[in-house]
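A.B. asks: structure-v2.cif is reproduced below (mmCIF, C-alpha atoms).
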data_start
loop_
_atom_site.label_atom_id
_atom_site.label_comp_id
_atom_site.auth_asym_id
_atom_site.auth_seq_id
_atom_site.Cartn_x
_atom_site.Cartn_y
_atom_site.Cartn_z
CA MET C 1 -18.82 23.26 -25.83
CA PRO C 2 -19.09 19.54 -26.64
CA ALA C 3 -17.86 17.04 -24.06
CA THR C 4 -14.97 14.77 -24.88
CA SER C 5 -15.61 11.04 -24.94
CA ALA C 6 -12.70 10.13 -22.70
CA PRO C 7 -11.93 12.46 -19.76
CA LEU C 8 -8.36 12.50 -18.56
CA LEU C 9 -8.00 10.96 -15.08
CA PRO C 10 -11.47 9.38 -15.18
CA HIS C 11 -11.38 8.48 -11.47
CA LEU C 12 -11.99 12.17 -10.72
CA GLY C 13 -15.57 11.62 -11.82
CA ALA C 14 -15.93 14.50 -14.28
CA ARG C 15 -19.35 14.68 -15.94
CA TRP C 16 -18.12 17.14 -18.57
CA ALA C 17 -14.71 17.53 -20.18
CA HIS C 18 -13.41 19.70 -22.98
CA ALA C 19 -9.95 19.78 -24.57
CA VAL C 20 -8.09 23.09 -24.39
CA GLU C 21 -4.64 24.48 -25.00
CA THR C 22 -3.10 25.79 -21.80
CA THR C 23 -0.17 25.36 -19.44
CA PRO C 24 -0.28 24.58 -15.71
CA GLU C 25 0.98 28.07 -14.94
CA ALA C 26 -1.64 29.78 -17.12
CA ALA C 27 -4.48 27.60 -15.84
CA PHE C 28 -3.59 28.28 -12.23
CA ALA C 29 -3.22 32.02 -12.82
CA ALA C 30 -6.68 32.13 -14.41
CA LEU C 31 -8.37 30.27 -11.55
CA GLU C 32 -6.41 31.99 -8.78
CA ALA C 33 -7.17 35.48 -10.08
CA ALA C 34 -10.75 35.31 -8.79
CA GLY C 35 -9.52 34.92 -5.20
CA GLY C 36 -10.87 32.39 -2.75
CA ASP C 37 -9.97 28.74 -2.39
CA VAL C 38 -7.87 27.23 -5.18
CA VAL C 39 -5.62 24.19 -5.47
CA TRP C 40 -2.84 23.04 -7.77
CA LEU C 41 -1.49 19.51 -7.50
CA ASP C 42 1.73 20.39 -9.21
CA SER C 43 3.78 17.69 -10.90
CA SER C 44 6.55 19.97 -12.04
CA SER C 45 8.90 17.10 -12.94
CA ARG C 46 6.58 14.44 -14.35
CA GLY C 47 2.98 13.23 -14.14
CA ALA C 48 -0.37 15.00 -14.28
CA HIS C 49 -1.44 18.37 -12.90
CA VAL C 50 -4.86 19.00 -11.34
CA ILE C 51 -5.81 22.66 -10.86
CA GLY C 52 -9.24 23.52 -9.52
CA VAL C 53 -11.73 25.53 -7.50
CA GLY C 54 -14.83 24.66 -5.53
CA GLU C 55 -17.44 25.87 -3.07
CA HIS C 56 -17.70 23.18 -0.38
CA VAL C 57 -15.00 23.23 2.30
CA LEU C 58 -14.29 20.92 5.24
CA VAL C 59 -12.12 22.49 7.96
CA VAL C 60 -10.88 20.89 11.19
CA ARG C 61 -9.52 23.04 14.00
CA GLU C 62 -8.48 21.67 17.40
CA GLY C 63 -10.23 18.39 16.59
CA ALA C 64 -13.59 19.96 15.68
CA ALA C 65 -14.79 19.63 12.07
CA LEU C 66 -17.01 22.01 10.12
CA LEU C 67 -18.40 21.29 6.64
CA ASP C 68 -19.51 24.58 5.07
CA GLY C 69 -19.73 25.97 8.59
CA GLU C 70 -21.87 23.15 10.00
CA PRO C 71 -20.46 20.74 12.64
CA VAL C 72 -19.51 17.23 11.53
CA PRO C 73 -18.97 14.54 14.19
CA GLY C 74 -15.85 12.40 14.42
CA ASP C 75 -12.15 12.94 13.88
CA ALA C 76 -10.62 14.43 10.75
CA LEU C 77 -10.88 11.22 8.73
CA GLU C 78 -14.41 10.42 9.85
CA ALA C 79 -15.43 13.97 8.93
CA LEU C 80 -13.87 13.62 5.49
CA GLU C 81 -15.62 10.29 4.95
CA ALA C 82 -18.94 11.90 5.90
CA ALA C 83 -18.27 14.82 3.56
CA ARG C 84 -17.48 12.44 0.69
CA ALA C 85 -20.67 10.47 1.37
CA SER C 86 -22.88 13.56 1.18
CA LEU C 87 -20.90 15.35 -1.54
CA PRO C 88 -19.19 12.82 -3.82
CA GLY C 89 -16.43 14.03 -6.07
CA PRO C 90 -12.73 14.85 -5.99
CA TRP C 91 -11.58 16.32 -2.66
CA VAL C 92 -8.20 18.05 -2.44
CA GLY C 93 -6.64 19.13 0.83
CA TRP C 94 -4.45 18.19 3.74
CA LEU C 95 -4.28 16.38 7.07
CA GLY C 96 -1.92 18.10 9.50
CA PHE C 97 0.28 16.25 11.97
CA GLU C 98 -1.89 17.03 14.98
CA ALA C 99 -4.89 15.37 13.30
CA GLY C 100 -2.76 12.22 13.23
CA VAL C 101 -1.72 12.62 16.84
CA ARG C 102 -5.39 12.68 17.82
CA MET C 103 -5.98 9.50 15.77
CA LEU C 104 -3.38 7.80 17.97
CA GLY C 105 -5.44 8.74 21.03
CA LEU C 106 -2.94 11.38 22.18
CA ARG C 107 -3.28 15.09 22.88
CA PRO C 108 -1.25 17.33 20.56
CA ALA C 109 1.57 19.46 21.91
CA GLY C 110 0.71 23.04 22.77
CA ASP C 111 1.93 26.00 20.77
CA ALA C 112 1.88 29.77 20.92
CA PRO C 113 -0.94 31.45 18.95
CA ALA C 114 1.60 32.76 16.40
CA GLY C 115 2.96 29.28 15.69
CA ALA C 116 1.86 26.26 13.70
CA SER C 117 -1.30 25.64 15.73
CA ARG C 118 -3.03 28.62 14.09
CA PHE C 119 -3.36 26.67 10.84
CA PRO C 120 -6.25 24.22 10.31
CA GLU C 121 -5.46 20.67 11.41
CA ALA C 122 -7.18 19.57 8.22
CA ALA C 123 -8.74 21.39 5.28
CA TRP C 124 -10.38 19.90 2.18
CA LEU C 125 -11.96 21.47 -0.89
CA LEU C 126 -14.49 19.67 -3.10
CA LEU C 127 -13.56 20.49 -6.68
CA GLU C 128 -16.40 21.77 -8.88
CA ARG C 129 -14.38 22.97 -11.87
CA TRP C 130 -10.85 21.88 -12.62
CA VAL C 131 -8.16 21.55 -15.26
CA VAL C 132 -6.25 18.32 -15.91
CA ILE C 133 -2.94 18.57 -17.73
CA ASP C 134 -1.30 15.25 -18.51
CA GLY C 135 1.66 15.34 -20.87
CA ASP C 136 0.66 17.21 -24.01
CA GLU C 137 -3.09 17.02 -23.28
CA ALA C 138 -5.20 19.47 -21.29
CA GLN C 139 -8.89 19.40 -20.42
CA LEU C 140 -11.40 21.52 -18.58
CA GLN C 141 -13.61 19.31 -16.42
CA SER C 142 -16.60 19.82 -14.12
CA ARG C 143 -18.28 17.79 -11.41
CA ASP C 144 -21.88 18.70 -12.28
CA GLY C 145 -21.57 18.55 -16.07
CA ALA C 146 -21.74 22.30 -16.58
CA PRO C 147 -19.46 23.71 -19.31
CA TRP C 148 -17.07 26.49 -18.38
CA ALA C 149 -14.11 28.35 -19.85
CA LEU C 150 -10.78 29.69 -18.65
CA GLU C 151 -10.47 33.45 -18.62
CA PRO C 152 -6.84 34.27 -19.50
CA VAL C 153 -4.93 36.69 -17.29
CA PRO C 154 -1.66 38.51 -18.09
CA PRO C 155 1.44 36.70 -16.81
CA GLN C 156 3.10 38.19 -13.74
CA PRO C 157 6.82 38.93 -13.83
CA ALA C 158 8.97 36.82 -11.51
CA SER C 159 9.82 38.55 -8.25
CA THR C 160 13.43 39.37 -7.42
CA ARG C 161 12.76 40.15 -3.78
CA THR C 162 13.64 37.75 -0.96
CA VAL C 163 13.10 37.47 2.78
CA GLN C 164 16.26 38.42 4.63
CA PRO C 165 17.79 35.92 7.11
CA SER C 166 17.49 38.49 9.89
CA ALA C 167 13.68 38.33 9.54
CA LEU C 168 13.60 34.57 10.23
CA ARG C 169 13.05 33.07 13.69
CA TRP C 170 14.29 29.53 14.30
CA ARG C 171 12.54 27.63 17.09
CA ASP C 172 15.85 25.97 18.00
CA ASP C 173 19.34 27.29 17.41
CA ASP C 174 22.01 24.81 16.29
CA ALA C 175 23.21 24.06 19.80
CA GLY C 176 19.68 23.58 21.08
CA TYR C 177 18.79 21.20 18.25
CA ALA C 178 21.99 19.22 18.76
CA ALA C 179 21.09 18.86 22.44
CA LYS C 180 17.68 17.47 21.45
CA VAL C 181 19.40 14.97 19.17
CA GLU C 182 21.38 13.75 22.18
CA ARG C 183 18.16 13.44 24.19
CA CYS C 184 16.74 11.31 21.37
CA ARG C 185 19.80 9.08 21.49
CA ALA C 186 19.36 8.75 25.25
CA HIS C 187 15.78 7.55 24.71
CA ILE C 188 17.11 4.96 22.25
CA ARG C 189 19.76 3.78 24.71
CA ASP C 190 17.04 3.46 27.36
CA GLY C 191 14.94 1.29 25.05
CA ASP C 192 12.12 3.81 24.65
CA SER C 193 12.40 4.00 20.84
CA TYR C 194 14.40 2.72 17.87
CA VAL C 195 14.32 5.92 15.79
CA LEU C 196 12.82 9.35 16.50
CA CYS C 197 11.98 11.80 13.73
CA LEU C 198 12.86 15.04 15.45
CA THR C 199 11.66 18.32 13.96
CA THR C 200 11.94 22.03 14.50
CA ALA C 201 10.50 25.06 12.70
CA ILE C 202 11.28 28.45 11.20
CA GLU C 203 8.88 31.40 11.35
CA ALA C 204 8.98 34.09 8.67
CA PRO C 205 7.08 37.37 8.14
CA PRO C 206 4.11 37.51 5.73
CA ILE C 207 4.98 36.32 2.23
CA ASP C 208 3.60 36.40 -1.29
CA ALA C 209 2.61 32.72 -1.34
CA ILE C 210 2.01 32.57 -5.10
CA ALA C 211 5.37 34.10 -5.99
CA THR C 212 7.05 31.89 -3.38
CA HIS C 213 5.60 28.75 -4.96
CA ALA C 214 6.73 29.85 -8.40
CA ARG C 215 10.27 30.23 -7.12
CA LEU C 216 10.18 26.97 -5.13
CA ARG C 217 8.90 24.83 -8.02
CA ALA C 218 11.48 26.33 -10.37
CA ALA C 219 14.32 25.47 -8.01
CA SER C 220 12.97 22.10 -6.81
CA PRO C 221 10.78 20.40 -9.45
CA VAL C 222 9.19 17.23 -8.05
CA HIS C 223 6.37 14.84 -8.94
CA HIS C 224 4.37 15.58 -5.76
CA GLY C 225 4.41 19.36 -5.50
CA GLY C 226 1.37 21.40 -4.65
CA LEU C 227 -0.10 24.80 -3.93
CA LEU C 228 -3.27 24.60 -1.86
CA ARG C 229 -5.07 27.72 -0.62
CA ILE C 230 -7.97 26.68 1.57
CA ALA C 231 -9.70 28.42 4.50
CA GLY C 232 -7.20 31.26 4.67
CA ALA C 233 -4.06 29.09 4.75
CA THR C 234 -1.73 28.34 1.84
CA VAL C 235 0.50 25.27 1.57
CA SER C 236 3.29 25.46 -1.00
CA SER C 237 5.15 22.19 -1.35
CA ALA C 238 8.03 20.68 -3.28
CA SER C 239 7.54 17.32 -1.63
CA PRO C 240 9.36 14.34 -3.17
CA GLU C 241 7.72 11.76 -0.89
CA THR C 242 4.64 9.64 -1.62
CA PHE C 243 2.73 9.12 1.61
CA LEU C 244 0.02 6.96 0.08
CA ARG C 245 -1.22 6.02 -3.36
CA VAL C 246 -4.31 3.82 -3.69
CA ARG C 247 -5.33 2.73 -7.15
CA ASP C 248 -7.24 -0.40 -8.21
CA GLY C 249 -7.26 -1.68 -4.64
CA VAL C 250 -3.47 -1.55 -4.22
CA ALA C 251 -2.03 0.72 -1.51
CA THR C 252 1.53 1.97 -1.97
CA THR C 253 3.72 4.04 0.35
CA ARG C 254 7.26 5.22 -0.41
CA PRO C 255 9.05 6.38 2.77
CA ILE C 256 12.11 8.58 2.44
CA LYS C 257 14.74 8.25 5.15
CA GLY C 258 18.23 9.44 4.33
CA THR C 259 19.38 12.71 2.75
CA ARG C 260 22.56 14.11 1.23
CA ARG C 261 23.15 17.45 -0.45
CA ARG C 262 23.83 17.62 -4.17
CA GLY C 263 27.38 18.48 -5.11
CA ALA C 264 29.28 19.76 -8.10
CA GLU C 265 32.45 17.70 -8.29
CA ASP C 266 31.52 15.25 -5.52
CA ASP C 267 27.89 14.54 -6.47
CA ALA C 268 28.34 10.85 -7.32
CA ALA C 269 30.38 10.32 -4.18
CA LEU C 270 27.64 11.89 -2.05
CA ALA C 271 25.02 9.60 -3.59
CA ARG C 272 27.24 6.58 -2.99
CA GLU C 273 27.90 7.66 0.59
CA LEU C 274 24.15 7.91 1.19
CA HIS C 275 23.51 4.44 -0.20
CA GLU C 276 26.30 2.89 1.84
CA SER C 277 25.66 4.74 5.14
CA GLU C 278 25.02 2.26 7.96
CA LYS C 279 22.98 4.84 9.86
CA GLU C 280 20.79 5.84 6.89
CA ARG C 281 20.19 2.24 5.80
CA ALA C 282 19.22 1.21 9.33
CA GLU C 283 16.86 4.17 9.68
CA ASN C 284 15.21 3.46 6.34
CA VAL C 285 14.74 -0.24 7.05
CA MET C 286 13.21 0.46 10.47
CA ILE C 287 10.61 2.74 8.89
CA VAL C 288 9.98 0.21 6.10
CA ASP C 289 9.20 -2.39 8.78
CA LEU C 290 6.81 0.06 10.45
CA CYS C 291 5.08 0.74 7.12
CA ARG C 292 4.76 -3.00 6.47
CA ASN C 293 3.16 -3.43 9.89
CA ASP C 294 0.78 -0.52 9.31
CA LEU C 295 -0.33 -1.78 5.89
CA GLN C 296 -0.86 -5.33 7.16
CA ARG C 297 -3.71 -3.99 9.30
CA VAL C 298 -5.77 -3.23 6.18
CA CYS C 299 -4.32 -5.48 3.49
CA ALA C 300 -4.91 -9.09 2.51
CA PRO C 301 -2.63 -11.58 4.28
CA GLY C 302 0.52 -12.22 2.29
CA SER C 303 -0.02 -9.28 -0.08
CA VAL C 304 2.22 -6.73 1.67
CA GLU C 305 5.67 -6.63 0.15
CA VAL C 306 8.69 -4.39 -0.19
CA THR C 307 9.00 -3.93 -3.94
CA ARG C 308 12.01 -1.60 -3.81
CA LEU C 309 14.49 -1.17 -0.99
CA LEU C 310 17.11 1.51 -0.34
CA GLU C 311 17.12 3.21 -3.74
CA VAL C 312 18.82 6.57 -4.21
CA GLU C 313 16.61 9.16 -5.93
CA SER C 314 18.23 12.45 -6.93
CA TYR C 315 16.48 15.82 -6.97
CA PRO C 316 17.88 19.25 -7.85
CA THR C 317 18.96 20.03 -4.28
CA VAL C 318 19.28 16.65 -2.50
CA HIS C 319 19.81 12.91 -2.87
CA GLN C 320 17.20 10.78 -1.03
CA LEU C 321 17.14 7.15 0.11
CA VAL C 322 13.73 5.73 -0.80
CA SER C 323 11.93 2.39 -0.38
CA THR C 324 8.55 1.20 -1.66
CA VAL C 325 6.01 -0.89 0.26
CA GLN C 326 2.65 -2.00 -1.15
CA GLY C 327 -0.24 -4.32 -0.44
CA ARG C 328 -3.74 -5.19 -1.68
CA LEU C 329 -6.52 -3.72 0.47
CA LEU C 330 -8.98 -6.12 2.06
CA PRO C 331 -12.41 -6.30 0.36
CA GLY C 332 -14.67 -3.47 1.47
CA LEU C 333 -11.82 -1.17 2.51
CA GLY C 334 -10.96 2.03 0.69
CA PRO C 335 -8.39 4.81 0.58
CA LEU C 336 -9.31 6.42 3.90
CA ASP C 337 -9.00 3.06 5.67
CA ALA C 338 -5.43 2.92 4.36
CA VAL C 339 -4.82 6.51 5.48
CA ARG C 340 -5.97 5.65 9.00
CA ALA C 341 -3.65 2.65 9.13
CA LEU C 342 -0.61 4.65 8.03
CA PHE C 343 -1.17 8.14 9.47
CA PRO C 344 0.75 9.88 10.89
CA ALA C 345 3.46 8.58 8.58
CA GLY C 346 6.21 6.51 10.15
CA SER C 347 8.82 8.48 8.19
CA MET C 348 7.80 11.55 10.24
CA THR C 349 7.32 9.86 13.62
CA GLY C 350 9.75 7.02 14.16
CA ALA C 351 9.21 3.62 15.72
CA PRO C 352 7.38 2.35 17.65
CA LYS C 353 4.93 4.97 16.46
CA ARG C 354 2.67 5.81 19.41
CA ARG C 355 5.38 5.80 22.08
CA THR C 356 7.75 7.77 19.86
CA VAL C 357 5.10 10.42 19.22
CA GLU C 358 4.71 10.76 23.00
CA LEU C 359 8.45 11.29 23.35
CA LEU C 360 8.54 13.82 20.52
CA ARG C 361 5.76 15.86 22.12
CA GLY C 362 8.03 16.38 25.12
CA LEU C 363 11.12 17.09 23.03
CA GLU C 364 9.54 19.50 20.54
CA ASP C 365 6.93 21.03 22.90
CA ALA C 366 5.17 22.70 19.98
CA ALA C 367 2.61 21.88 17.33
CA ARG C 368 3.97 20.85 13.92
CA GLY C 369 0.86 22.08 12.15
CA VAL C 370 0.42 21.09 8.51
CA TYR C 371 4.09 20.11 8.29
CA SER C 372 4.74 16.33 8.42
CA GLY C 373 1.09 15.68 7.63
CA CYS C 374 -0.06 14.76 4.13
CA PHE C 375 -1.78 16.52 1.23
CA GLY C 376 -3.30 15.63 -2.09
CA LEU C 377 -6.37 14.13 -3.72
CA VAL C 378 -9.04 11.65 -2.63
CA ALA C 379 -11.50 10.65 -5.35
CA ASP C 380 -13.77 7.62 -5.68
CA GLU C 381 -11.79 4.57 -4.45
CA SER C 382 -8.39 6.12 -5.06
CA CYS C 383 -6.07 8.65 -3.50
CA GLU C 384 -2.74 10.31 -4.25
CA LEU C 385 -1.24 11.84 -1.11
CA ALA C 386 2.21 13.30 -0.55
CA MET C 387 4.06 14.05 2.65
CA VAL C 388 4.06 17.69 3.73
CA ILE C 389 7.82 18.11 3.67
CA ARG C 390 9.95 20.71 1.86
CA SER C 391 6.93 22.96 2.28
CA VAL C 392 6.00 26.51 3.26
CA VAL C 393 2.70 27.09 5.10
CA ALA C 394 1.47 30.68 5.20
CA ASP C 395 -1.40 32.95 6.15
CA ASP C 396 -1.82 36.68 6.72
CA GLU C 397 0.26 36.49 9.92
CA GLY C 398 3.34 34.96 8.36
CA ALA C 399 4.95 31.78 7.11
CA HIS C 400 5.89 28.56 8.88
CA ILE C 401 8.53 26.07 7.67
CA GLY C 402 8.99 22.72 9.37
CA VAL C 403 12.21 20.76 9.02
CA GLY C 404 13.81 17.80 10.75
CA GLY C 405 15.39 14.39 10.45
CA GLY C 406 15.46 10.89 11.83
CA VAL C 407 17.66 10.22 14.85
CA THR C 408 19.11 6.76 15.52
CA ALA C 409 21.71 5.45 17.93
CA LEU C 410 24.35 6.15 15.26
CA SER C 411 23.33 9.79 14.74
CA ASP C 412 25.97 12.49 15.06
CA PRO C 413 24.45 15.74 16.40
CA ALA C 414 26.64 17.96 14.22
CA PHE C 415 25.68 15.99 11.10
CA GLU C 416 21.98 16.19 12.02
CA VAL C 417 22.27 19.98 12.33
CA GLU C 418 23.98 20.15 8.93
CA GLU C 419 21.21 18.04 7.35
CA LEU C 420 18.64 20.37 8.88
CA HIS C 421 20.13 23.34 7.04
CA VAL C 422 20.45 21.39 3.78
CA LYS C 423 16.74 20.58 3.87
CA ALA C 424 15.70 24.13 4.80
CA ALA C 425 17.82 25.92 2.21
CA ALA C 426 15.48 25.59 -0.79
CA MET C 427 12.43 26.83 1.14
CA LEU C 428 14.24 29.77 2.68
CA ALA C 429 15.65 30.83 -0.68
CA ALA C 430 12.15 30.68 -2.20
CA LEU C 431 10.48 33.08 0.26
CA VAL C 432 9.16 36.23 -1.39
CA PRO C 433 8.11 38.96 1.06
CA ARG C 434 4.68 40.49 0.69
#
Please lay out the structure from this file as structure tokens.
C.D. replies:
Amino acid sequence: MPATSAPLLPHLGARWAHAVETTPEAAFAALEAAGGDVVWLDSSSRGAHVIGVGEHVLVVREGAALLDGEPVPGDALEALEAARASLPGPWVGWLGFEAGVRMLGLRPAGDAPAGASRFPEAAWLLLERWVVIDGDEAQLQSRDGAPWALEPVPPQPASTRTVQPSALRWRDDDAGYAAKVERCRAHIRDGDSYVLCLTTAIEAPPIDAIATHARLRAASPVHHGGLLRIAGATVSSASPETFLRVRDGVATTRPIKGTRRRGAEDDAALARELHESEKERAENVMIVDLCRNDLQRVCAPGSVEVTRLLEVESYPTVHQLVSTVQGRLLPGLGPLDAVRALFPAGSMTGAPKRRTVELLRGLEDAARGVYSGCFGLVADESCELAMVIRSVVADDEGAHIGVGGGVTALSDPAFEVEELHVKAAAMLAALVPR
């Protein structure tokens, strides 16, 4: 097969590319059919898809990193930097919340073996062969320059099965979560924090992760979705939130704080209510200020700016209040330096970050796992990372769904509980039992 002269997404570093006719669904089915590690950065609403497989894996558990089974010193980011230095190319994976807690110099919260702590704190796959689909164009690409071909597989019928509500286990019932919201408000009154991003979790029995993702992406198409199966864990995400994008030396983060359900007759009113909410606007602006402060640690003086503030973005199931902060990285700094400055994301911690994470450890008393971390692609001097929200994390033992919301002094516990269920609904409806 001859190579094309202009690979799609050239920052991935492909040494061979060949135009093909395929769809994201068909390409993923072909690569997934062989079993093993496989990833799909799934832009089901707009943008490019990257679907690939590889052989080299970096896994971090309880703060200890292994690259292809061999120990790598340092924390999760240092281990990834070392892996990229020895094995250059496009790495796709995730950083879980507890990896970020360790980066703050704190010990993660404990958790039962059946909970979120059983998943890797970080897992990254070096792509060897992958498919890029961007608009009407599709290419096979490879890291080492070796040609390859997709082997078509028959399409699988959509599943009609679903996990029953009685099989789900919520970490907190509604009353318990409302009580935690009040404890957050007490911390704010005492001056311990300005906003706390409180979370809880839902445990489900073993699922068909591939069928679940198909259902989730159909119901909630977004530009930052993903299906990542690495080291025995599968992350299926319909995330609408950009944690970090670095391209051409510019770092951009787009925190989401503020949610309303979609409506039939009252949809426009709900969007307007979100935009005008004093509580939601205050929460969003506080996190924007935190993001500005984080980026200023790695960006050129005067380059950090808020380019968009308090915009309503509408998705199939929810309206979101979104802002955009960006800055130009200092000379010599790259995407992982920006990750370290921003992670864990302020939109999933609150402010001030370190003290608020300490408070949340006591309130939640459980590991978050992959949820509220980030996932995506790091290649060359660029990255495209989304927040792990609106996501299902699964392994052979079962599935884990994290969900939560920001609590401010103006928060109403009953409203926070309602928002919790709004956010969880799409994931719970998507679950397909094994």
A.B. asks: Take the PyMOL selection byres ((chain C and resi 264-267) around 12), run it mentally on this structure, and tell me the resulting residues as a tab-separated table (two decimals) with C-alpha atoms, in the coordinates of the input.
C.D. replies:
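Once everything was written out, this is result-v4.tsv:
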chain	number	residue	atom	x	y	z
C	260	ARG	CA	22.56	14.11	1.23
C	261	ARG	CA	23.15	17.45	-0.45
C	262	ARG	CA	23.83	17.62	-4.17
C	263	GLY	CA	27.38	18.48	-5.11
C	268	ALA	CA	28.34	10.85	-7.32
C	269	ALA	CA	30.38	10.32	-4.18
C	270	LEU	CA	27.64	11.89	-2.05
C	271	ALA	CA	25.02	9.60	-3.59
C	272	ARG	CA	27.24	6.58	-2.99
C	273	GLU	CA	27.90	7.66	0.59
C	274	LEU	CA	24.15	7.91	1.19
C	314	SER	CA	18.23	12.45	-6.93
C	315	TYR	CA	16.48	15.82	-6.97
C	316	PRO	CA	17.88	19.25	-7.85
C	317	THR	CA	18.96	20.03	-4.28
C	318	VAL	CA	19.28	16.65	-2.50
C	319	HIS	CA	19.81	12.91	-2.87
A.B. asks: List the residues matched by the PyMOL selection byres ((chain C and resi 228) around 7) in the displayed structure as a list in words, ordered by chain and then by residue number.
C.D. replies: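 Matching residues under the PyMOL selection byres ((chain C and resi 228) around 7) are Val38, Val39, Trp40, Gly93, Gly226, Leu227, Arg229, Ile230, Thr234, Val235 and Ser236 of chain C.
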A.B. asks: Using all atoms listed in the file, pick whichever of C:Ala76, C:Thr356, C:Lys423, C:Ala231 has the shortest atom-to-atom distance to C:Met103.
C.D. replies: C:Ala76
A.B. asks: Once the PyMOL selection byres ((chain C and resi 253-257) around 7) has been applied to the shown file, what residues remain in the selection, as a list in words?
C.D. replies: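 Residues picked by the PyMOL selection byres ((chain C and resi 253-257) around 7): Glu241, Thr242, Phe243, Leu244, Arg245, Ala251, Thr252, Gly258, Thr259, Glu280, Glu283, Asn284, Gln320, Leu321, Val322, Ser323, Thr324, Val325, Gln326 and Ser347 of chain C.
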A.B. asks: With all atoms listed in the file as the counted atoms, please give the residues lying no more than 7 Å from C:Trp130, apart from itself and same-chain residues fewer than 6 positions off, as a list in words.
C.D. replies: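 Everything that qualifies: Val50, Ile51, Gly52, Val53, Leu140, Gln141 and Ser142 of chain C.
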A.B. asks: Between atom CA of C:Gln139 and atom CA of C:Arg247, what is the distance, to one decimal in Å?
C.D. replies: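 If I compute the distance from atom CA of C:Gln139 to atom CA of C:Arg247, I get 21.6 Å.
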A.B. asks: Rebuild N, CA and C atoms on stretch 171-185 of chain C, as an mmCIF file, keeping the file's coordinate frame?
C.D. replies:
data_model
loop_
_atom_site.group_PDB
_atom_site.id
_atom_site.type_symbol
_atom_site.label_atom_id
_atom_site.label_comp_id
_atom_site.auth_asym_id
_atom_site.auth_seq_id
_atom_site.Cartn_x
_atom_site.Cartn_y
_atom_site.Cartn_z
ATOM 1 N N ARG C 171 12.996 28.092 15.777
ATOM 2 C CA ARG C 171 12.540 27.630 17.090
ATOM 3 C C ARG C 171 13.722 27.152 17.937
ATOM 4 N N ASP C 172 14.664 26.462 17.300
ATOM 5 C CA ASP C 172 15.850 25.970 18.000
ATOM 6 C C ASP C 172 17.096 26.476 17.290
ATOM 7 N N ASP C 173 18.063 26.998 18.043
ATOM 8 C CA ASP C 173 19.340 27.290 17.410
ATOM 9 C C ASP C 173 20.113 25.975 17.246
ATOM 10 N N ASP C 174 21.282 26.036 16.601
ATOM 11 C CA ASP C 174 22.010 24.810 16.290
ATOM 12 C C ASP C 174 22.380 24.035 17.545
ATOM 13 N N ALA C 175 22.818 24.738 18.567
ATOM 14 C CA ALA C 175 23.210 24.060 19.800
ATOM 15 C C ALA C 175 22.006 23.414 20.468
ATOM 16 N N GLY C 176 20.883 24.123 20.461
ATOM 17 C CA GLY C 176 19.680 23.580 21.080
ATOM 18 C C GLY C 176 19.177 22.344 20.349
ATOM 19 N N TYR C 177 19.235 22.369 19.011
ATOM 20 C CA TYR C 177 18.790 21.200 18.250
ATOM 21 C C TYR C 177 19.734 20.031 18.470
ATOM 22 N N ALA C 178 21.022 20.290 18.505
ATOM 23 C CA ALA C 178 21.990 19.220 18.760
ATOM 24 C C ALA C 178 21.740 18.587 20.123
ATOM 25 N N ALA C 179 21.391 19.403 21.112
ATOM 26 C CA ALA C 179 21.090 18.860 22.440
ATOM 27 C C ALA C 179 19.862 17.958 22.391
ATOM 28 N N LYS C 180 18.872 18.315 21.589
ATOM 29 C CA LYS C 180 17.680 17.470 21.450
ATOM 30 C C LYS C 180 18.017 16.151 20.749
ATOM 31 N N VAL C 181 18.946 16.208 19.808
ATOM 32 C CA VAL C 181 19.400 14.970 19.170
ATOM 33 C C VAL C 181 19.995 14.032 20.210
ATOM 34 N N GLU C 182 20.798 14.581 21.127
ATOM 35 C CA GLU C 182 21.380 13.750 22.180
ATOM 36 C C GLU C 182 20.308 13.183 23.102
ATOM 37 N N ARG C 183 19.264 13.949 23.361
ATOM 38 C CA ARG C 183 18.160 13.440 24.190
ATOM 39 C C ARG C 183 17.444 12.296 23.474
ATOM 40 N N CYS C 184 17.316 12.413 22.151
ATOM 41 C CA CYS C 184 16.740 11.310 21.370
ATOM 42 C C CYS C 184 17.606 10.060 21.501
ATOM 43 N N ARG C 185 18.905 10.222 21.381
ATOM 44 C CA ARG C 185 19.800 9.080 21.490
ATOM 45 C C ARG C 185 19.723 8.449 22.875
#
